[in-house]
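Undergrad: After the structure tokens below, expect a handful of questions from me.
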Amino acid sequence: MLDRTYLKQEHLCVTNIVKQMSQRYKELEDVIAILGLEELSDQDRTLVSRARKIERFLSQPFFVAEIFTRINGCYVCLNNTILAFTLIMNGSVDTKDEGAFYLKGCLSI
């Protein structure tokens, strides 16, 4: 679905990194369920934290969901979305808790 002829290089890079991070998080879920988060390396714990923030951030406040969420939908331009994922992945928002990303259209730093 991601075609290089339609997307900018930055968009493709961010998308690929998000996919890789999500895949690694899925691999670690079983380890977390059995041994706990404490048994992961610091690097894996950081990855898990960022992946969970990405999952929460994917819950955008859509206009069609207003009736269910009672949260106003909002339009977010593509550049802001790419920037938000970049901020999550590079650790710029590591100090924020996961809940700060749920049903947010734009990230405010």
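Following the order of the structure tokens, chains are lettered A, B, ..., residues in each are numbered from 1, and ligands are numbered from 1.
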Env of range 38-51 of chain A: 9 Å cut, atoms = only C-alpha atoms, seq-sep filter 2 positions within chain, self excluded. Answer as a PyMOL selection string.

TA: chain A and resi 18+21-22+24-25+28-29+31-32+35-36+53-56+88-91+93-94+97-98

Undergrad: Show me, as a compact mmCIF listing (two decimals) with C-alpha atoms, in the first residue's frame, the residues that have an atom within 10 Å of range 66-81 of chain A when counting only C-alpha atoms, minus same-chain residues fewer than 5 positions from it.

TA:
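Final output, saved to around.txt:
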# COMPACT_ATOMS: atom_id res chain seq x y z
CA GLU A 10 10.60 10.87 5.09
CA HIS A 11 7.11 9.37 5.19
CA PHE A 57 -1.46 7.70 19.29
CA LEU A 58 -2.99 5.59 16.51
CA GLN A 60 -6.90 9.44 16.48
CA PRO A 61 -10.09 11.42 17.29
CA THR A 86 9.12 10.95 14.67
CA LEU A 87 9.00 12.60 18.10
CA LEU A 103 -7.24 10.19 21.20
CA LYS A 104 -4.88 13.07 20.46
CA GLY A 105 -4.85 14.59 17.03
CA CYS A 106 -1.68 16.62 17.41
CA LEU A 107 1.06 16.28 19.95

Undergrad: Could you work out how far CA of Ala84 in chain A lies from CA of Val14 in chain A, giving the answer in Å with one decimal?

TA: 10.1 Å

Undergrad: From a DSSP calculation on the backbone, collect every residue of chain A in helix (DSSP H, G or I) and output the set as a VMD selection string.

TA: chain A and resid 9 to 35 37 to 39 42 to 57 63 to 69 78 to 90 98 to 101

Undergrad: Name all residues at most 10 Å from Leu2 in chain A (count only C-alpha atoms; drop same-chain ones fewer than 6 positions away) and give them as a PyMOL selection string.

TA: chain A and resi 11-12+15-16

Undergrad: When you draw a straight line from CA of Ile17 in chain A to CA of Arg4 in chain A, how long is it in Å?

TA: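 Here the two named atoms are 15.5 Å from each other.
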
Undergrad: Rounded to one decimal in Å, what is the spacing between CA of Ser59 in chain A and CA of Phe101 in chain A?

TA: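 One can read the CA of Ser59 in chain A to CA of Phe101 in chain A distance as 8.2 Å.
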
Undergrad: Out of A:Arg52, A:Cys13, A:Ala33, A:Thr5, which residue has the shortest atom-to-atom distance to Lys96 in chain A when counting only C-alpha atoms?

TA: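 Nearest to Lys96 in chain A: A:Arg52.
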